[in-house]
file run34.cif (mmCIF, C-alpha atoms (C1' of nucleotides))
data_work
loop_
_atom_site.label_atom_id
_atom_site.label_comp_id
_atom_site.auth_asym_id
_atom_site.auth_seq_id
_atom_site.Cartn_x
_atom_site.Cartn_y
_atom_site.Cartn_z
CA MET A 1 146.05 102.66 72.91
CA LYS A 2 145.86 99.89 75.42
CA ASP A 3 147.35 97.05 73.42
CA GLY A 4 150.92 97.74 72.44
CA ALA A 5 152.38 96.34 69.23
CA GLU A 6 153.38 92.71 69.45
CA GLY A 7 155.87 90.83 67.34
CA ALA A 8 154.29 87.41 67.14
CA GLY A 9 150.50 87.05 67.15
CA ARG A 10 147.89 89.64 66.36
CA ALA A 11 146.70 90.61 69.84
CA ALA A 12 148.46 91.25 73.09
CA PRO A 13 149.28 87.77 74.46
CA ALA A 14 148.90 88.59 78.09
CA GLY A 15 148.55 85.77 80.59
CA ARG A 16 149.14 82.09 80.16
CA LYS A 17 149.05 80.29 76.87
CA ASP A 18 146.33 77.82 77.85
CA ALA A 19 144.22 80.68 79.10
CA ARG A 20 144.43 82.35 75.72
CA ARG A 21 143.62 79.09 73.98
CA ASN A 22 140.56 78.61 76.14
CA LYS A 23 139.36 82.13 75.53
CA GLU A 24 139.69 81.54 71.83
CA ALA A 25 137.83 78.23 72.04
CA LEU A 26 135.12 79.93 74.06
CA LEU A 27 134.67 82.63 71.45
CA ASP A 28 134.45 80.06 68.66
CA ALA A 29 132.03 77.91 70.63
CA ALA A 30 129.88 80.86 71.54
CA ALA A 31 129.68 82.03 67.95
CA ALA A 32 128.65 78.54 66.84
CA VAL A 33 126.08 78.09 69.59
CA PHE A 34 124.65 81.57 69.03
CA VAL A 35 123.97 80.63 65.44
CA THR A 36 122.14 77.42 66.26
CA SER A 37 120.48 78.21 69.57
CA GLY A 38 120.38 81.99 69.70
CA VAL A 39 122.23 84.46 71.88
CA ASP A 40 120.39 83.33 74.96
CA ALA A 41 121.63 79.77 74.80
CA PRO A 42 122.46 78.26 78.20
CA VAL A 43 125.94 79.10 79.44
CA ARG A 44 126.52 75.42 80.06
CA ASP A 45 126.02 74.64 76.40
CA ILE A 46 128.72 77.07 75.40
CA ALA A 47 131.10 75.80 78.04
CA ALA A 48 130.46 72.20 77.00
CA ARG A 49 130.97 72.98 73.33
CA ALA A 50 134.24 74.70 74.11
CA GLY A 51 135.25 71.79 76.33
CA VAL A 52 135.78 73.93 79.39
CA GLY A 53 134.22 74.21 82.82
CA LEU A 54 131.80 76.85 84.01
CA GLY A 55 134.44 78.56 86.09
CA THR A 56 136.50 79.17 82.99
CA ILE A 57 133.77 80.85 81.04
CA TYR A 58 133.00 83.18 83.93
CA ARG A 59 136.64 84.04 84.41
CA HIS A 60 137.07 85.15 80.83
CA PHE A 61 133.66 86.73 80.47
CA PRO A 62 132.30 87.87 83.82
CA THR A 63 128.86 88.27 82.36
CA ARG A 64 127.11 86.85 79.35
CA ALA A 65 126.97 90.32 77.88
CA ASP A 66 130.76 90.45 77.78
CA LEU A 67 130.79 87.27 75.75
CA ILE A 68 128.20 88.57 73.32
CA ILE A 69 130.12 91.79 72.90
CA ALA A 70 133.35 89.90 72.26
CA VAL A 71 131.69 87.72 69.65
CA TYR A 72 130.07 90.56 67.73
CA ARG A 73 132.54 93.37 68.34
CA HIS A 74 134.01 93.15 64.86
CA GLN A 75 130.65 93.40 63.17
CA VAL A 76 129.48 96.27 65.33
CA ASP A 77 132.68 98.09 64.58
CA ALA A 78 132.26 97.45 60.88
CA CYS A 79 128.77 98.87 61.03
CA ALA A 80 129.99 101.93 62.87
CA GLU A 81 132.74 102.50 60.36
CA ALA A 82 130.40 102.15 57.41
CA GLY A 83 128.46 105.23 58.51
CA PRO A 84 130.88 107.97 57.47
CA ALA A 85 131.75 106.10 54.28
CA LEU A 86 128.10 105.92 53.31
CA LEU A 87 127.65 109.58 54.04
CA GLU A 88 130.52 110.53 51.75
CA GLY A 89 129.55 108.19 48.98
CA SER A 90 125.98 109.34 48.76
CA PRO A 91 124.65 112.64 47.42
CA SER A 92 121.62 112.40 49.69
CA PRO A 93 122.20 112.23 53.45
CA ALA A 94 118.78 110.70 53.92
CA ALA A 95 119.66 107.90 51.52
CA ALA A 96 122.89 107.34 53.40
CA LEU A 97 120.97 107.17 56.65
CA ALA A 98 118.53 104.68 55.17
CA GLN A 99 121.34 102.51 53.85
CA TRP A 100 123.13 102.57 57.14
CA ILE A 101 119.99 101.58 58.99
CA ASP A 102 119.59 98.71 56.55
CA LEU A 103 123.05 97.57 57.52
CA PHE A 104 122.12 97.68 61.17
CA VAL A 105 118.87 95.84 60.59
CA ASP A 106 120.61 93.13 58.58
CA PHE A 107 123.04 92.68 61.41
CA LEU A 108 120.34 92.39 64.07
CA VAL A 109 117.95 90.23 62.10
CA THR A 110 120.56 87.61 61.30
CA LYS A 111 121.51 87.18 64.96
CA HIS A 112 118.95 84.98 66.65
CA GLY A 113 117.67 86.85 69.66
CA LEU A 114 120.23 89.63 69.68
CA ALA A 115 117.61 92.36 69.40
CA GLU A 116 115.67 90.83 72.27
CA VAL A 117 118.62 90.70 74.58
CA LEU A 118 119.73 94.13 73.51
CA ARG A 119 116.44 95.33 74.80
CA SER A 120 116.33 93.17 77.89
CA ASP A 121 116.23 95.05 81.14
CA ASP A 122 117.77 92.18 83.05
CA ALA A 123 120.60 93.44 85.14
CA GLY A 124 123.92 92.59 83.53
CA PHE A 125 122.95 93.59 80.04
CA GLU A 126 123.43 97.30 80.54
CA VAL A 127 127.01 96.78 79.49
CA LEU A 128 125.85 95.26 76.19
CA HIS A 129 123.30 97.99 75.70
CA ALA A 130 125.95 100.56 76.52
CA TYR A 131 128.45 99.10 74.09
CA PHE A 132 126.06 99.19 71.15
CA LEU A 133 124.95 102.67 72.06
CA ASP A 134 128.42 104.07 72.57
CA ARG A 135 129.53 102.68 69.27
CA LEU A 136 126.54 103.36 67.08
CA VAL A 137 124.65 106.35 68.40
CA PRO A 138 127.40 108.82 67.48
CA VAL A 139 127.42 107.47 63.94
CA CYS A 140 123.66 107.66 63.73
CA THR A 141 123.72 111.16 65.13
CA ARG A 142 126.06 112.30 62.40
CA LEU A 143 123.95 110.78 59.65
CA LEU A 144 120.76 112.10 61.16
CA ASP A 145 122.15 115.58 61.58
CA ALA A 146 123.30 115.61 57.98
CA ALA A 147 119.87 114.55 56.78
CA VAL A 148 118.14 117.11 58.96
CA GLY A 149 120.60 119.75 57.78
CA ALA A 150 119.78 118.91 54.18
CA GLY A 151 116.12 119.35 54.98
CA GLU A 152 115.37 115.75 54.12
CA VAL A 153 114.38 114.58 57.57
CA ARG A 154 112.37 116.12 60.35
CA SER A 155 114.16 116.58 63.63
CA HIS A 156 111.51 115.06 65.86
CA LEU A 157 113.61 112.16 66.98
CA GLY A 158 117.02 111.87 68.49
CA ALA A 159 119.51 109.31 67.24
CA TYR A 160 119.11 107.33 70.42
CA GLU A 161 115.38 107.02 70.02
CA LEU A 162 115.70 106.15 66.36
CA MET A 163 118.15 103.37 67.06
CA ARG A 164 116.08 102.03 69.91
CA GLY A 165 113.05 102.05 67.69
CA VAL A 166 114.82 100.24 64.89
CA GLY A 167 116.23 97.73 67.34
CA ASN A 168 112.80 97.11 68.80
CA LEU A 169 111.29 96.59 65.39
CA CYS A 170 113.83 93.84 64.78
CA ILE A 171 112.69 91.85 67.78
CA GLY A 172 111.25 88.53 66.78
CA ALA A 173 112.00 89.16 63.13
CA ASP A 174 113.31 85.67 62.73
CA SER A 175 110.90 82.97 63.88
CA ASP A 176 107.89 84.67 62.33
CA PRO A 177 107.53 84.62 58.56
CA ARG A 178 104.53 86.94 58.76
CA TYR A 179 106.62 89.68 60.25
CA ASP A 180 109.09 91.51 58.06
CA ALA A 181 111.16 93.85 60.19
CA ARG A 182 112.70 95.50 57.16
CA ARG A 183 109.33 96.65 55.95
CA LEU A 184 108.45 98.12 59.32
CA VAL A 185 111.78 99.86 59.59
CA ALA A 186 111.32 101.24 56.10
CA ALA A 187 107.96 102.65 57.16
CA LEU A 188 109.50 104.18 60.26
CA VAL A 189 112.25 105.79 58.25
CA ALA A 190 109.71 107.05 55.74
CA GLY A 191 107.81 108.55 58.66
CA ILE A 192 110.65 110.83 59.68
CA ARG A 193 111.27 112.18 56.19
CA THR A 194 110.03 115.58 55.24
CA SER A 195 108.49 114.44 51.96
CA PRO A 196 106.99 111.11 51.01
CA SER A 197 109.49 109.12 49.00
CA MET B 1 76.61 80.41 74.82
CA LYS B 2 78.34 78.50 77.53
CA ASP B 3 77.40 80.55 80.56
CA GLY B 4 73.69 80.67 81.06
CA ALA B 5 71.97 83.59 82.76
CA GLU B 6 72.30 83.61 86.51
CA GLY B 7 70.04 85.25 89.05
CA ALA B 8 72.47 86.28 91.70
CA GLY B 9 76.01 87.34 90.79
CA ARG B 10 77.29 88.58 87.49
CA ALA B 11 79.19 85.54 86.21
CA ALA B 12 78.38 81.85 86.16
CA PRO B 13 79.15 80.61 89.67
CA ALA B 14 80.33 77.18 88.68
CA GLY B 15 82.24 75.07 91.15
CA ARG B 16 82.75 75.55 94.84
CA LYS B 17 82.39 78.83 96.64
CA ASP B 18 85.90 78.85 98.10
CA ALA B 19 87.29 78.12 94.68
CA ARG B 20 85.56 81.16 93.27
CA ARG B 21 86.79 83.27 96.16
CA ASN B 22 90.35 82.16 95.57
CA LYS B 23 90.18 82.86 91.89
CA GLU B 24 88.92 86.33 92.65
CA ALA B 25 91.67 86.90 95.20
CA LEU B 26 94.21 85.68 92.69
CA LEU B 27 93.02 88.11 90.04
CA ASP B 28 93.16 91.00 92.50
CA ALA B 29 96.58 90.00 93.75
CA ALA B 30 97.91 89.55 90.23
CA ALA B 31 96.64 92.96 89.17
CA ALA B 32 98.30 94.56 92.17
CA VAL B 33 101.59 92.73 91.74
CA PHE B 34 101.66 93.44 88.01
CA VAL B 35 101.48 97.14 88.77
CA THR B 36 104.33 97.13 91.23
CA SER B 37 106.61 94.43 89.87
CA GLY B 38 105.60 94.06 86.25
CA VAL B 39 103.84 91.26 84.43
CA ASP B 40 106.79 88.96 84.84
CA ALA B 41 106.69 88.98 88.62
CA PRO B 42 107.42 85.61 90.22
CA VAL B 43 104.41 83.34 90.49
CA ARG B 44 105.18 82.84 94.16
CA ASP B 45 104.74 86.54 94.83
CA ILE B 46 101.28 86.51 93.39
CA ALA B 47 100.30 83.37 95.28
CA ALA B 48 101.66 84.80 98.52
CA ARG B 49 99.84 88.08 98.04
CA ALA B 50 96.60 86.24 97.39
CA GLY B 51 97.26 84.05 100.41
CA VAL B 52 97.04 80.83 98.44
CA GLY B 53 99.42 78.02 97.60
CA LEU B 54 101.15 77.41 94.33
CA GLY B 55 98.90 74.55 93.42
CA THR B 56 95.90 76.82 93.57
CA ILE B 57 97.29 79.37 91.20
CA TYR B 58 98.17 76.71 88.66
CA ARG B 59 94.79 75.07 88.89
CA HIS B 60 92.94 78.26 88.13
CA PHE B 61 95.42 79.52 85.58
CA PRO B 62 97.30 76.64 83.99
CA THR B 63 99.87 79.01 82.59
CA ARG B 64 100.97 82.49 83.48
CA ALA B 65 99.61 83.70 80.19
CA ASP B 66 96.11 82.67 81.23
CA LEU B 67 96.44 84.80 84.32
CA ILE B 68 97.63 87.80 82.35
CA ILE B 69 94.79 87.39 79.90
CA ALA B 70 92.26 87.17 82.71
CA VAL B 71 93.62 90.31 84.33
CA TYR B 72 93.62 92.40 81.18
CA ARG B 73 90.73 90.88 79.27
CA HIS B 74 88.40 93.78 80.03
CA GLN B 75 90.85 96.36 78.79
CA VAL B 76 91.68 94.44 75.65
CA ASP B 77 88.00 94.06 74.92
CA ALA B 78 87.44 97.75 75.51
CA CYS B 79 90.19 98.55 73.07
CA ALA B 80 88.74 96.22 70.48
CA GLU B 81 85.30 97.73 70.86
CA ALA B 82 86.61 101.26 70.56
CA GLY B 83 87.74 100.58 67.00
CA PRO B 84 84.42 100.62 65.17
CA ALA B 85 83.22 103.54 67.29
CA LEU B 86 86.26 105.56 66.36
CA LEU B 87 85.77 104.76 62.72
CA GLU B 88 82.21 105.98 62.77
CA GLY B 89 82.95 109.07 64.77
CA SER B 90 85.73 110.29 62.56
CA PRO B 91 85.51 111.72 59.04
CA SER B 92 89.01 110.52 58.28
CA PRO B 93 89.69 106.77 58.52
CA ALA B 94 93.40 107.47 58.90
CA ALA B 95 92.71 109.69 61.89
CA ALA B 96 90.55 106.96 63.39
CA LEU B 97 93.35 104.47 62.88
CA ALA B 98 95.85 106.79 64.51
CA GLN B 99 93.56 107.35 67.48
CA TRP B 100 92.94 103.67 67.89
CA ILE B 101 96.64 102.94 67.82
CA ASP B 102 97.13 105.60 70.47
CA LEU B 103 94.66 103.71 72.62
CA PHE B 104 96.58 100.52 72.12
CA VAL B 105 99.89 102.19 72.87
CA ASP B 106 98.54 103.76 76.03
CA PHE B 107 97.35 100.40 77.16
CA LEU B 108 100.69 98.70 76.53
CA VAL B 109 102.90 101.43 77.87
CA THR B 110 101.12 101.59 81.20
CA LYS B 111 101.54 97.86 81.81
CA HIS B 112 105.02 97.18 83.06
CA GLY B 113 106.52 94.58 80.78
CA LEU B 114 103.37 93.58 78.92
CA ALA B 115 104.81 94.45 75.54
CA GLU B 116 107.92 92.41 76.31
CA VAL B 117 106.01 89.34 77.30
CA LEU B 118 103.63 89.77 74.42
CA ARG B 119 106.64 89.45 72.20
CA SER B 120 108.33 86.68 74.15
CA ASP B 121 108.84 83.48 72.24
CA ASP B 122 108.91 81.43 75.39
CA ALA B 123 106.61 78.49 75.06
CA GLY B 124 103.38 79.10 76.92
CA PHE B 125 102.90 82.64 75.76
CA GLU B 126 101.50 81.76 72.37
CA VAL B 127 98.11 81.71 74.00
CA LEU B 128 98.60 85.29 75.17
CA HIS B 129 99.92 86.32 71.80
CA ALA B 130 97.01 84.58 70.15
CA TYR B 131 94.44 86.25 72.37
CA PHE B 132 95.67 89.73 71.64
CA LEU B 133 95.89 88.95 67.96
CA ASP B 134 92.49 87.32 67.68
CA ARG B 135 90.90 90.22 69.44
CA LEU B 136 92.70 93.16 67.93
CA VAL B 137 93.91 92.25 64.47
CA PRO B 138 90.40 92.12 62.99
CA VAL B 139 89.70 95.57 64.39
CA CYS B 140 92.96 96.89 63.04
CA THR B 141 92.28 95.29 59.69
CA ARG B 142 89.00 97.09 59.41
CA LEU B 143 90.49 100.47 60.28
CA LEU B 144 93.43 99.90 58.00
CA ASP B 145 91.24 98.81 55.09
CA ALA B 146 89.09 101.89 55.52
CA ALA B 147 92.13 104.14 55.51
CA VAL B 148 93.57 102.41 52.46
CA GLY B 149 90.20 102.59 50.76
CA ALA B 150 90.08 106.32 51.38
CA GLY B 151 93.50 106.63 49.81
CA GLU B 152 94.99 107.95 53.02
CA VAL B 153 97.30 105.06 53.74
CA ARG B 154 99.50 102.90 51.57
CA SER B 155 98.78 99.22 51.58
CA HIS B 156 102.32 98.01 52.16
CA LEU B 157 101.66 96.55 55.54
CA GLY B 158 99.14 94.09 56.84
CA ALA B 159 97.29 94.71 60.09
CA TYR B 160 99.24 91.95 61.76
CA GLU B 161 102.56 93.49 60.89
CA LEU B 162 101.41 96.92 61.92
CA MET B 163 100.27 95.72 65.31
CA ARG B 164 103.41 93.75 65.87
CA GLY B 165 105.45 96.77 64.95
CA VAL B 166 103.53 99.01 67.30
CA GLY B 167 103.79 96.43 70.06
CA ASN B 168 107.51 96.14 69.55
CA LEU B 169 107.98 99.88 69.67
CA CYS B 170 106.33 99.88 73.09
CA ILE B 171 108.90 97.52 74.55
CA GLY B 172 110.91 99.14 77.28
CA ALA B 173 108.89 102.34 77.02
CA ASP B 174 108.65 102.57 80.76
CA SER B 175 112.00 102.40 82.54
CA ASP B 176 113.71 104.65 80.03
CA PRO B 177 112.89 108.34 80.05
CA ARG B 178 114.96 108.90 76.91
CA TYR B 179 112.68 106.65 74.92
CA ASP B 180 109.22 107.86 74.00
CA ALA B 181 107.31 105.04 72.38
CA ARG B 182 104.47 107.33 71.37
CA ARG B 183 106.79 109.43 69.27
CA LEU B 184 108.18 106.38 67.49
CA VAL B 185 104.73 104.99 66.86
CA ALA B 186 103.65 108.34 65.50
CA ALA B 187 106.57 108.25 63.09
CA LEU B 188 105.69 104.73 62.03
CA VAL B 189 102.09 105.70 61.41
CA ALA B 190 103.22 108.74 59.49
CA GLY B 191 105.39 106.45 57.40
CA ILE B 192 102.45 104.46 56.08
CA ARG B 193 100.40 107.48 55.09
CA THR B 194 100.18 108.50 51.48
CA SER B 195 100.87 112.16 52.17
CA PRO B 196 102.88 113.78 54.94
CA SER B 197 100.55 115.01 57.62
"C1'" DT C 1 166.29 68.89 84.80
"C1'" DG C 2 163.49 69.54 88.99
"C1'" DC C 3 160.97 72.88 92.12
"C1'" DT C 4 157.69 76.19 93.33
"C1'" DA C 5 154.50 80.05 93.38
"C1'" DA C 6 151.19 81.91 90.70
"C1'" DA C 7 147.66 81.46 87.40
"C1'" DG C 8 144.02 79.03 85.80
"C1'" DC C 9 140.64 75.23 85.70
"C1'" DG C 10 136.53 72.28 86.65
"C1'" DG C 11 132.40 71.42 88.46
"C1'" DA C 12 129.87 70.98 92.83
"C1'" DA C 13 126.88 73.96 95.18
"C1'" DC C 14 123.79 77.86 95.69
"C1'" DA C 15 119.93 80.96 94.54
"C1'" DC C 16 116.03 81.76 92.02
"C1'" DT C 17 112.92 80.71 88.54
"C1'" DG C 18 108.48 77.92 86.62
"C1'" DT C 19 105.86 73.64 87.11
"C1'" DT C 20 104.11 69.17 88.79
"C1'" DC C 21 102.20 66.10 92.10
"C1'" DC C 22 99.83 64.11 95.82
"C1'" DG C 23 98.41 63.74 100.78
"C1'" DT C 24 95.22 66.46 103.27
"C1'" DA C 25 91.46 69.68 104.20
"C1'" DT C 26 87.17 71.59 102.90
"C1'" DC C 27 82.64 71.86 100.82
"C1'" DG C 28 78.10 70.50 99.62
"C1'" DT C 29 74.95 66.89 99.79
"C1'" DC C 30 72.32 63.04 101.64
"C1'" DG D 1 76.73 63.49 110.95
"C1'" DA D 2 78.86 60.94 107.15
"C1'" DC D 3 80.69 60.76 102.68
"C1'" DG D 4 82.42 61.61 98.00
"C1'" DA D 5 84.02 65.04 95.10
"C1'" DT D 6 86.49 69.10 94.78
"C1'" DA D 7 90.14 72.07 95.81
"C1'" DC D 8 94.15 73.33 98.57
"C1'" DG D 9 99.03 73.75 100.07
"C1'" DG D 10 103.55 73.32 99.63
"C1'" DA D 11 107.28 69.92 99.07
"C1'" DA D 12 109.80 68.36 95.27
"C1'" DC D 13 111.61 68.57 90.58
"C1'" DA D 14 113.82 70.71 86.58
"C1'" DG D 15 116.31 74.35 84.25
"C1'" DT D 16 118.43 78.63 84.58
"C1'" DG D 17 122.66 81.99 85.97
"C1'" DT D 18 126.47 82.57 89.20
"C1'" DT D 19 129.89 81.77 92.94
"C1'" DC D 20 133.44 79.39 95.20
"C1'" DC D 21 137.32 76.65 96.27
"C1'" DG D 22 140.39 72.48 96.02
"C1'" DC D 23 143.20 70.73 92.42
"C1'" DT D 24 145.99 71.06 88.09
"C1'" DT D 25 148.88 73.24 84.88
"C1'" DT D 26 152.08 76.55 83.55
"C1'" DA D 27 156.28 79.15 83.40
"C1'" DG D 28 160.14 81.08 85.49
"C1'" DC D 29 164.31 79.92 88.08
"C1'" DA D 30 168.07 77.41 90.20
#
call {"tool": "encode", "arguments": {"input": "run34.cif", "output": "structure tokens"}}
result
Amino acid sequence: MKDGAEGAGRAAPAGRKDARRNKEALLDAAAAVFVTSGVDAPVRDIAARAGVGLGTIYRHFPTRADLIIAVYRHQVDACAEAGPALLEGSPSPAAALAQWIDLFVDFLVTKHGLAEVLRSDDAGFEVLHAYFLDRLVPVCTRLLDAAVGAGEVRSHLGAYELMRGVGNLCIGADSDPRYDARRLVAALVAGIRTSPS
Amino acid sequence: MKDGAEGAGRAAPAGRKDARRNKEALLDAAAAVFVTSGVDAPVRDIAARAGVGLGTIYRHFPTRADLIIAVYRHQVDACAEAGPALLEGSPSPAAALAQWIDLFVDFLVTKHGLAEVLRSDDAGFEVLHAYFLDRLVPVCTRLLDAAVGAGEVRSHLGAYELMRGVGNLCIGADSDPRYDARRLVAALVAGIRTSPS
DNA sequence: TGCTAAAGCGGAACACTGTTCCGTATCGTC
DNA sequence: GACGATACGGAACAGTGTTCCGCTTTAGCA
């Protein structure tokens, strides 16, 4: 709605050309640094890697959360869009829910420190928290409602709580071989089902 | 073994008197500050409240984790000791396990930010992590083994994983009325049982 | 092509952390 | 009372995020 169709590139080329180039470089650099040093890598590292100054990074992304969102937006969107597809493709809503949660867990676990920062109560991360929630809670709600409607899942928990719980269980999943977040999440999901699987 | 019996006080009064007084003041101040500002309150705040300098706090507690441990040691010990008692007092090992976990959750949830810091991978907190684990995992193992032995709980998860999962679920439990850690933990515990409760 | 206002850039500087270090003050003893 | 060991206080250092402003680059226009 906001970005009109453009003839040349793929996104609305507003502003100066060098500004766009820098923003692009920043996104690439951030993605690379996030992989090696985690999402909470020093801002200076990202700026250095992109070859820009600190002012530039803060102009394009007023807060670190904005940068994280920009880097992962595509993947979050993909996860959100997979929800309805899963629901249609599966005879059992509970199975669809479980598969979708697996998708979410895979996403979180492979992003060094994302779950931590998602859960951080530092000011400035509400926007990140809000983005994930806005995008994913509705999807989860739909899956959960379907499963509850089919009598496969108890209605104790809201979608928000479920997602928060799953997110929390993913914290520290990397960096500790003794801790397998997927197993814990599986147990949690089993715990909300009406019958033992 | 290390502290011999003493006639006067309750603990071994080693070192100077003023040093002991300061350590005491520091513990009191830390406990108070933890309540109001959370476990991750600035070190300076604690020192100021105790009326001592920064050097003093670092001499008595080389790292913040040591201070946290000192403040909560009694409660952690109480939790550890409650385990065997619960097991004996209950006909169902699974019920004992659930009760014990409730104890642990209550402890974590009422301590602003303890669960977060327990999970932090910042260097210097391994000692805190280790203390909790050393003290509580054996207790949890015993309860879990009993429950598995009674056929009430599946043996998917180790005690370590279970405790980590429970700890993670407690993160951010205060400061968000929409999130009820106890409910999530209950679901997790339900998920490891052999039959739906 | 050359000029100019706007847009953008870089990084010094600030605020706030944890942590170290050492000159000074205090304690307990002789 | 003097003295050595012990402990104290807080300045100073290091590593964060974030702001700010003088300078540079861009892009439109004559």
call {"tool": "closest_atom_pairs", "arguments": {"input": "run34.cif", "of": "chain A", "to": "chain B", "cutoff": "12 Å", "atoms": "only C-alpha atoms", "output": "Markdown table"}}
result
| residue | atom | partner | partner_atom | distance |
| --- | --- | --- | --- | --- |
| A:Gly38 | CA | B:Asp121 | CA | 11.9 |
| A:Asp40 | CA | B:Asp122 | CA | 11.6 |
| A:His112 | CA | B:Asp121 | CA | 11.6 |
| A:Gly113 | CA | B:Asp121 | CA | 9.8 |
| A:Ala115 | CA | B:Asn168 | CA | 10.8 |
| A:Glu116 | CA | B:Ser120 | CA | 8.6 |
| A:Val117 | CA | B:Glu116 | CA | 11.0 |
| A:Leu118 | CA | B:Gly172 | CA | 10.8 |
| A:Arg119 | CA | B:Gly172 | CA | 7.2 |
| A:Ser120 | CA | B:Gly172 | CA | 8.1 |
| A:Asp121 | CA | B:Gly172 | CA | 7.7 |
| A:Asp122 | CA | B:Gly172 | CA | 11.3 |
| A:Val153 | CA | B:Ala187 | CA | 11.5 |
| A:Arg154 | CA | B:Ala187 | CA | 10.2 |
| A:Ser155 | CA | B:Ala187 | CA | 11.3 |
| A:His156 | CA | B:Arg183 | CA | 8.1 |
| A:Leu157 | CA | B:Arg183 | CA | 7.7 |
| A:Gly158 | CA | B:Arg178 | CA | 9.2 |
| A:Ala159 | CA | B:Tyr179 | CA | 10.6 |
| A:Tyr160 | CA | B:Arg178 | CA | 7.9 |
| A:Glu161 | CA | B:Tyr179 | CA | 5.6 |
| A:Leu162 | CA | B:Leu184 | CA | 7.6 |
| A:Met163 | CA | B:Tyr179 | CA | 10.1 |
| A:Arg164 | CA | B:Tyr179 | CA | 7.6 |
| A:Gly165 | CA | B:Leu169 | CA | 5.9 |
| A:Val166 | CA | B:Leu169 | CA | 8.4 |
| A:Gly167 | CA | B:Leu169 | CA | 8.8 |
| A:Asn168 | CA | B:Asn168 | CA | 5.4 |
| A:Leu169 | CA | B:Asn168 | CA | 5.6 |
| A:Cys170 | CA | B:Asn168 | CA | 8.2 |
| A:Ile171 | CA | B:Asn168 | CA | 7.0 |
| A:Gly172 | CA | B:Arg119 | CA | 7.2 |
| A:Ala173 | CA | B:Arg164 | CA | 10.1 |
| A:Asp174 | CA | B:Asp121 | CA | 10.7 |
| A:Ser175 | CA | B:Asp121 | CA | 8.6 |
| A:Asp176 | CA | B:Asp121 | CA | 10.0 |
| A:Pro177 | CA | B:Glu161 | CA | 10.4 |
| A:Arg178 | CA | B:Glu161 | CA | 7.2 |
| A:Tyr179 | CA | B:Glu161 | CA | 5.6 |
| A:Asp180 | CA | B:Glu161 | CA | 7.4 |
| A:Ala181 | CA | B:Gly165 | CA | 8.0 |
| A:Arg182 | CA | B:Gly165 | CA | 10.7 |
| A:Arg183 | CA | B:Leu157 | CA | 7.7 |
| A:Leu184 | CA | B:Gly165 | CA | 6.5 |
| A:Val185 | CA | B:Leu188 | CA | 8.2 |
| A:Ala186 | CA | B:Gly191 | CA | 8.0 |
| A:Ala187 | CA | B:Gly191 | CA | 4.6 |
| A:Leu188 | CA | B:Leu188 | CA | 4.2 |
| A:Val189 | CA | B:Gly191 | CA | 6.9 |
| A:Ala190 | CA | B:Gly191 | CA | 4.7 |
| A:Gly191 | CA | B:Gly191 | CA | 3.4 |
| A:Ile192 | CA | B:Ala187 | CA | 5.9 |
| A:Arg193 | CA | B:Gly191 | CA | 8.3 |
| A:Thr194 | CA | B:Pro196 | CA | 7.4 |
| A:Ser195 | CA | B:Pro196 | CA | 6.4 |
| A:Pro196 | CA | B:Pro196 | CA | 6.3 |
| A:Ser197 | CA | B:Thr194 | CA | 9.7 |
call {"tool": "closest_residue", "arguments": {"input": "run34.cif", "among": "B:Leu144, B:Ala29, B:Cys79, B:Val52", "to": "chain D", "atoms": "all atoms listed in the file"}}
result
B:Val52
call {"tool": "resolve_selection", "arguments": {"input": "run34.cif", "expression": "the PyMOL selection byres ((chain A) within 8 of (chain D))", "output": "PyMOL selection string"}}
result
chain A and resi 16+42-43
call {"tool": "closest_atom_pairs", "arguments": {"input": "run34.cif", "of": "chain C", "to": "chain B", "cutoff": "12 Å", "atoms": "all atoms listed in the file", "output": "JSON lines"}}
result
{"residue": "C:DC16", "atom": "C1'", "partner": "B:Pro42", "partner_atom": "CA", "distance": 9.6}
{"residue": "C:DT17", "atom": "C1'", "partner": "B:Pro42", "partner_atom": "CA", "distance": 7.6}
{"residue": "C:DG18", "atom": "C1'", "partner": "B:Val43", "partner_atom": "CA", "distance": 7.8}
{"residue": "C:DT19", "atom": "C1'", "partner": "B:Tyr58", "partner_atom": "CA", "distance": 8.4}
{"residue": "C:DT20", "atom": "C1'", "partner": "B:Gly55", "partner_atom": "CA", "distance": 8.8}
{"residue": "C:DC21", "atom": "C1'", "partner": "B:Gly55", "partner_atom": "CA", "distance": 9.2}
{"residue": "C:DC22", "atom": "C1'", "partner": "B:Gly55", "partner_atom": "CA", "distance": 10.8}
{"residue": "C:DT26", "atom": "C1'", "partner": "B:Asp18", "partner_atom": "CA", "distance": 8.8}
{"residue": "C:DC27", "atom": "C1'", "partner": "B:Arg16", "partner_atom": "CA", "distance": 7.0}
{"residue": "C:DG28", "atom": "C1'", "partner": "B:Arg16", "partner_atom": "CA", "distance": 8.4}
call {"tool": "resolve_selection", "arguments": {"input": "run34.cif", "expression": "the PyMOL selection byres ((chain A and resi 143) around 8)", "output": "PyMOL selection string"}}
result
chain A and resi 83-84+87+93-94+96-97+139-142+144-147
call {"tool": "atom_distance", "arguments": {"input": "run34.cif", "atom1": "CA of Ala30 in chain A", "atom2": "CA of Leu128 in chain A"}}
result
15.7 Å
call {"tool": "atom_distance", "arguments": {"input": "run34.cif", "atom1": "CA of His129 in chain B", "atom2": "CA of Ala65 in chain B"}}
result
8.8 Å
